[in-house]
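**Q** Take this structure, written in structure tokens, and hold onto it; I'll ask about it next.
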Amino acid sequence: MIRRRGWKRWLLALAVLHGIVACAGFFAPYDPAAQDRERPYLPPTKIHLVDTQGHFRLRPFFYAVHLRDGSFDQFEESTGQAIPLRFYVTGARYRLLGLVPSRMHLFGAQGGRIYLLGGDAYGRDQFSRILYGGQISLLAGLLGAGLTLFFGALIGATAGYYGGWRDGLLMRVAELFVALPWLYLLFALRAFLPLAVSPVQAFFLIILVIGAVGWARPARLVRGVVLSARERDFVRAARGFGATDGYLLRRHILPETSSVILTQAAILVPQFVLAEMTLSFLGLGVPEPVPSWGNLLASLQQYSVLVSYWWMYVPALAIVPFFLGYLGLAGALQQDAGTEKIERASGASRW
Amino acid sequence: MVKMARLSTIGIWVGWGLLLAGAAVFARPARGFPPQSSPSEELFTLPGEIGQRGGRLVVSLRAEPKTLNPLTAVDAPSREVILGAMQADLIHINRATQLTEPALAKSWKVSADGLQYTLTLRKGLRFSDGQPLDADDVLFTFRVCLDESVHATQRDQLIVGGKPITVRKIDAQTIIFQLAKTYGAGERLFDGRAILPRHLLEKPYAEGKLSQAWTLATPANQWAGLGPFRLKEYVAGEKLVLERNPYYWKQDAKGNRLPYLDELVFLFVPNADAQVLRFQSGETDLISRLSAENFSVLSRQPRGLTMSDAGPGLEYNFLFFNLNEQGEKTSPDLARKMKWFREVKFRQAVSAAIDRDAIVRLVYQGRGAALWGPVTSGNRRWGNPSIPHPARSLEKARALLKEAGFTWTTGPNGESELVDSDAKPIEFSILTSSSNADRTKMATLIQDDLKQLGMRAQVVPMEFRSLIDRVTQTKEYDACVLGLVSFDTDPTADLGVWLSSGGTHLWNPAQAHPATAWEAEIDKLMEQQLAAPKYEQRKKYFDRVQEILAENQAMIFLASPDILAGAKNSLGNFHPVVLEPYVLWNVEQLYFRNPVENAR
């Protein structure tokens, strides 16, 4: 049988992607806020294997780049100055996973900076910023989804299990939240909050804002599952044996909702990553100089950047593998849940 | 003319570029109608390239003008259209030479005490509807301007030394203006003050409806002016079409009556990027107030475009700290920070640490100039050359901070951290306007500069109106990056910024008494320069003002952007200047070299 295989592959792919972002300090060659004021909007560094004399070199190298005389955005390579690419170099300080202090970077160079994906208006390395930016955006998505699902499950289970007026009240409130135009609500909420906030505060504010508006949909789904589970024979039997509400919910009912919650999680994470990006894109998210995928894209609001510097679009591509991963995972989980249901209905054993 | 810096107009100065763009051209046979200059007319002859008649110039305007009434116009688009193309003044500031020159008045005399101005009008002038102009129109204009019930926006400027200017008619051509107090920039009072047609506006004035007269919906035959163009058609939300004024009072060196163009069309295009797109597609013929980025985008596609960099304009950008008095409502946190900000060595250290060259390079792509004082190099007559231009020096900044009692400790992540005498870390936020990408960029660079001194600064982009509210009303902020654009080169233009009682004295606005000795000294010097009749004397006073500003660093001046503009190659006499209106200042001389080829 092929069930319960698909999602593992997706999960593995996602774990690898998240691992790279989580260890951004190691994979990124530079500090994301380090400016190089001599090189604004530097195009991606060209990596060479063959030098100007036509000699092939085993170690990839690049040429130092400087502004063309009299220009402020045209660069040229100084072909006399070849800088070899090195691996496991010592560079800017960082803390691996936020804990282990280190100075080791996967790659780098001595005597010049390498810009794999170009530089921004302040000459900051776009590649490093995308990796570090991912930490903010993905963490916001994951924490936001966690928060949402926690409240969603709690409220949905309460409404579904107890029913009656509690159900009515909670579900009407949930409908209200579903019907709200969430983007405008985010604006309004953000506008009420203080403007001068540190990046850390801003980050948690975003998560709170995201969580506050997102709980309604999972709550409704969980309620539906709980409603049907509560009337199942084994639940009735357990209640007949004198099981308490808490025990019933914990042991019999909530496990029934697990597939719904997992699928929801896989759908909500990318949705909330996008919400963070929207807020940051519009200048309501984490402030400069901390990168996030949203504020990396913010410079594209300018027409001149849009038509002049193609590498400023790259952060938009960074999210694509993550979204594919999450949506693939959600699809696989849903399929699994479906197969499971059919099997159970036809009397097949669970394991 | 003196344009007082009023708070309500900060929006205009600080704003996004009001872009003018260029035009589609229709070759039309020159109308037979313009009366040739007759000996009874005293036309003003302009030097410059001789142009060709005909054509239609299309430019874009950031917003729809709110009115065509020069008395009540406050918004930048209205003023641009009215003063730039539709109306004329008695004495005009030549935007290229920055000096006053005769306009409707062919000459003027100032009495020895500087109190009396005698102006002689040109003979034989006519409004755009053919009615003659005489001294009674001038008298009428000043009477309604000074009438409080009209609510003319420029009324304040006609009150000199506490008393309104009195105007007397000697004969049909001669008028005497009497001032209560000597006013150094007196001639400039007349610039931008449109002379109104009595025959059209006397009736609404008598009915008390003058301030409602001349809206955009006014029929063209109810409107008349002395500018190069007159009203033709207004299409709400889309465009304003002006046609050539056949009675205009200027001619070129060959005796051809100006203007050359048949039509001038203003398209309403609200967004700077959209204006660039219209210009690129050829819908408009010229564009001004370009950002450096858009300028280089257009320069890279030179298909028939002339791009022009007129050098630094009169915009000065600066960082300032909150130097207000502590009130009861001041939070203890802000009060603690204000103690640092008041320390002049702290401000000097911040100034020394700022990399102004990087600002010019990264924010303006090199199309700008670093600033150490409010007078930019675009202002030819008022800069003080002895103001020092120290290069960036972190060592000097550290020495100044040390002298002021600040010390360094090691922060949690191993970086050095600046602390005050109470061992509190130096942290503050810098406000910028979220709609102005340039200033946000400056603040981000300053943040990085100050990090190297161990200061933790945060950039807070904020909606412009709430920013101004914070700075001038609630006064709850630490520091702010802002910019001002002087309307005129004369220091009187920014009186409200330098006087401690001024509303735009941003670091501590509208003080009842000057808070510091140096602010009191600036107040005195500004009054003195205002009263001095001679330029040399006035310059000496204002030089001292600039020195005091440089010593005290209440405003830490950063940089000034170049005035950037572009036009189709076929547009002749296209000479952008650093004074507003940057391109249309010589609209009467603009012409198309090949009106037939340009026809579409």
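By order in the structure tokens, chains are A, B, ...; within a chain, residues start at 1; ligands start at 1, following the order shown.
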Dump as JSON lines the rows for residues of chain A within 7 Å of chain B: closest atom pair and distance in Å with one decimal, only C-alpha atoms counted, ordered by chain and rising residue number.
**A**
{"residue": "A:Arg37", "atom": "CA", "partner": "B:Ala358", "partner_atom": "CA", "distance": 6.4}
{"residue": "A:Pro40", "atom": "CA", "partner": "B:Leu362", "partner_atom": "CA", "distance": 6.6}
{"residue": "A:Phe72", "atom": "CA", "partner": "B:Gln365", "partner_atom": "CA", "distance": 5.4}
{"residue": "A:Ala121", "atom": "CA", "partner": "B:Leu362", "partner_atom": "CA", "distance": 6.8}
{"residue": "A:Tyr122", "atom": "CA", "partner": "B:Leu362", "partner_atom": "CA", "distance": 6.9}
{"residue": "A:Leu195", "atom": "CA", "partner": "B:Val460", "partner_atom": "CA", "distance": 6.8}
{"residue": "A:Ala196", "atom": "CA", "partner": "B:Val460", "partner_atom": "CA", "distance": 6.0}
{"residue": "A:Glu288", "atom": "CA", "partner": "B:Val459", "partner_atom": "CA", "distance": 6.8}
{"residue": "A:Tyr303", "atom": "CA", "partner": "B:Asp273", "partner_atom": "CA", "distance": 5.8}
{"residue": "A:Ser304", "atom": "CA", "partner": "B:Asn294", "partner_atom": "CA", "distance": 5.4}
**Q** Just C-alpha atoms for this one: save the residues we selected as a PDB file, in the first residue's frame.
**A**
ATOM      1  CA  ARG A  37      28.749  51.915   0.357  1.00  0.00           C
ATOM      2  CA  PRO A  40      25.160  50.056  -4.393  1.00  0.00           C
ATOM      3  CA  PHE A  72      26.939  55.504  -9.832  1.00  0.00           C
ATOM      4  CA  ALA A 121      20.797  49.951  -2.434  1.00  0.00           C
ATOM      5  CA  TYR A 122      23.233  49.964   0.472  1.00  0.00           C
ATOM      6  CA  LEU A 195       5.202  52.896  15.685  1.00  0.00           C
ATOM      7  CA  ALA A 196       8.586  53.057  17.312  1.00  0.00           C
ATOM      8  CA  GLU A 288      15.326  48.180   8.712  1.00  0.00           C
ATOM      9  CA  TYR A 303       9.700  52.060 -10.807  1.00  0.00           C
ATOM     10  CA  SER A 304      13.422  52.655 -11.293  1.00  0.00           C
TER      11      SER A 304
END
**Q** Quick one: everything within 8 Å of Ala202 in chain A, counting only C-alpha atoms, minus sequence neighbours fewer than 4 positions away in the same chain. Send it as a ChimeraX atom specification.
**A** /A:197-198,206,285-287
**Q** Those same residues, written as a PDB file, in the first residue's frame with N, CA and C atoms?
**A**
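Output (again_10.pdb):
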ATOM      1  N   VAL A 197       8.868  50.662  17.395  1.00  0.00           N
ATOM      2  CA  VAL A 197       9.082  49.399  18.086  1.00  0.00           C
ATOM      3  C   VAL A 197      10.380  48.783  17.590  1.00  0.00           C
ATOM      4  N   SER A 198      11.030  48.025  18.466  1.00  0.00           N
ATOM      5  CA  SER A 198      12.263  47.358  18.061  1.00  0.00           C
ATOM      6  C   SER A 198      11.908  46.204  17.137  1.00  0.00           C
ATOM      7  N   ILE A 206       3.567  41.168  14.856  1.00  0.00           N
ATOM      8  CA  ILE A 206       3.058  40.593  13.607  1.00  0.00           C
ATOM      9  C   ILE A 206       2.434  39.241  13.871  1.00  0.00           C
ATOM     10  N   GLY A 285       5.943  45.872   8.831  1.00  0.00           N
ATOM     11  CA  GLY A 285       6.535  44.708   9.480  1.00  0.00           C
ATOM     12  C   GLY A 285       7.801  45.053  10.230  1.00  0.00           C
ATOM     13  N   VAL A 286       8.762  44.124  10.202  1.00  0.00           N
ATOM     14  CA  VAL A 286      10.014  44.382  10.910  1.00  0.00           C
ATOM     15  C   VAL A 286      10.746  45.530  10.216  1.00  0.00           C
ATOM     16  N   PRO A 287      11.329  46.437  11.024  1.00  0.00           N
ATOM     17  CA  PRO A 287      11.984  47.608  10.437  1.00  0.00           C
ATOM     18  C   PRO A 287      13.400  47.315   9.956  1.00  0.00           C
TER      19      PRO A 287
END
**Q** By how many Å are CA of Leu49 in chain A and CA of Arg93 in chain A apart?
**A**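 CA of Leu49 in chain A sits 29.8 Å away from CA of Arg93 in chain A.
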**Q** Could you go through range 18-206 of chain A and tell me which residues DSSP, when run on the backbone, assigns to alpha helix (DSSP H), listing them as a ChimeraX atom specification?
**A** /A:18-22,24-27,126-162,164-179,182-192,199-206
**Q** Near Asp309 in chain B, within 8 Å and counting only C-alpha atoms, which residues show up once chain neighbours fewer than 5 positions away are dropped, as a list in words?
**A**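 Here the answer would be Arg367, Asp562, Ile563, Leu564, Ala565 and Pro576 of chain B.
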**Q** Got a sec: who's within 9 Å of Leu115 in chain B, counting only C-alpha atoms, leaving out chain neighbours fewer than 5 positions off, as a count of residues only?
**A** 9
**Q** Among range 460-588 of chain B, which ones does DSSP place in strand (DSSP E or B), written as a ChimeraX atom specification?
**A** /B:460-462,479-485,555-568,571-572
**Q** Applying 9 Å and only C-alpha atoms, which residues near Phe234 in chain A remain after dropping the ones on its own chain fewer than 4 positions away? List them as an mmCIF file with N, CA and C atoms, in the first residue's frame.
**A**
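Output below, filename part_34.cif:
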data_model
loop_
_atom_site.group_PDB
_atom_site.id
_atom_site.type_symbol
_atom_site.label_atom_id
_atom_site.label_comp_id
_atom_site.auth_asym_id
_atom_site.auth_seq_id
_atom_site.Cartn_x
_atom_site.Cartn_y
_atom_site.Cartn_z
ATOM 1 N N ALA A 238 -17.520 5.086 26.075
ATOM 2 C CA ALA A 238 -16.615 5.588 27.097
ATOM 3 C C ALA A 238 -17.371 6.460 28.087
ATOM 4 N N ARG A 239 -18.300 7.275 27.537
ATOM 5 C CA ARG A 239 -19.059 8.135 28.440
ATOM 6 C C ARG A 239 -19.913 7.287 29.364
ATOM 7 N N HIS A 252 -10.238 10.521 23.055
ATOM 8 C CA HIS A 252 -11.014 10.009 21.923
ATOM 9 C C HIS A 252 -11.332 11.030 20.843
#
**Q** Residues within 12 Å of Leu176 in chain A, please, as a list in words. Count only C-alpha atoms; anything in the same chain fewer than 5 positions from it doesn't count.
**A**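 Neighbouring residues, sequence-local ones excluded: Leu169, Leu170, Met171, Pro181, Trp182, Val213, Gly214, Trp215, Ala216, Arg217 and Arg220 of chain A.
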**Q** Got a sec: who's within 9 Å of Leu334 in chain B, counting only C-alpha atoms, leaving out chain neighbours fewer than 3 positions off, as a ChimeraX atom specification?
**A** /B:326,330-331,337-339,476-478
**Q** Grab the CA of Asp262 in chain B to CA of Val58 in chain B distance for me, in Å with one decimal place.
**A**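 Taking CA of Asp262 in chain B as the start and CA of Val58 in chain B as the end point, the length is 11.3 Å.
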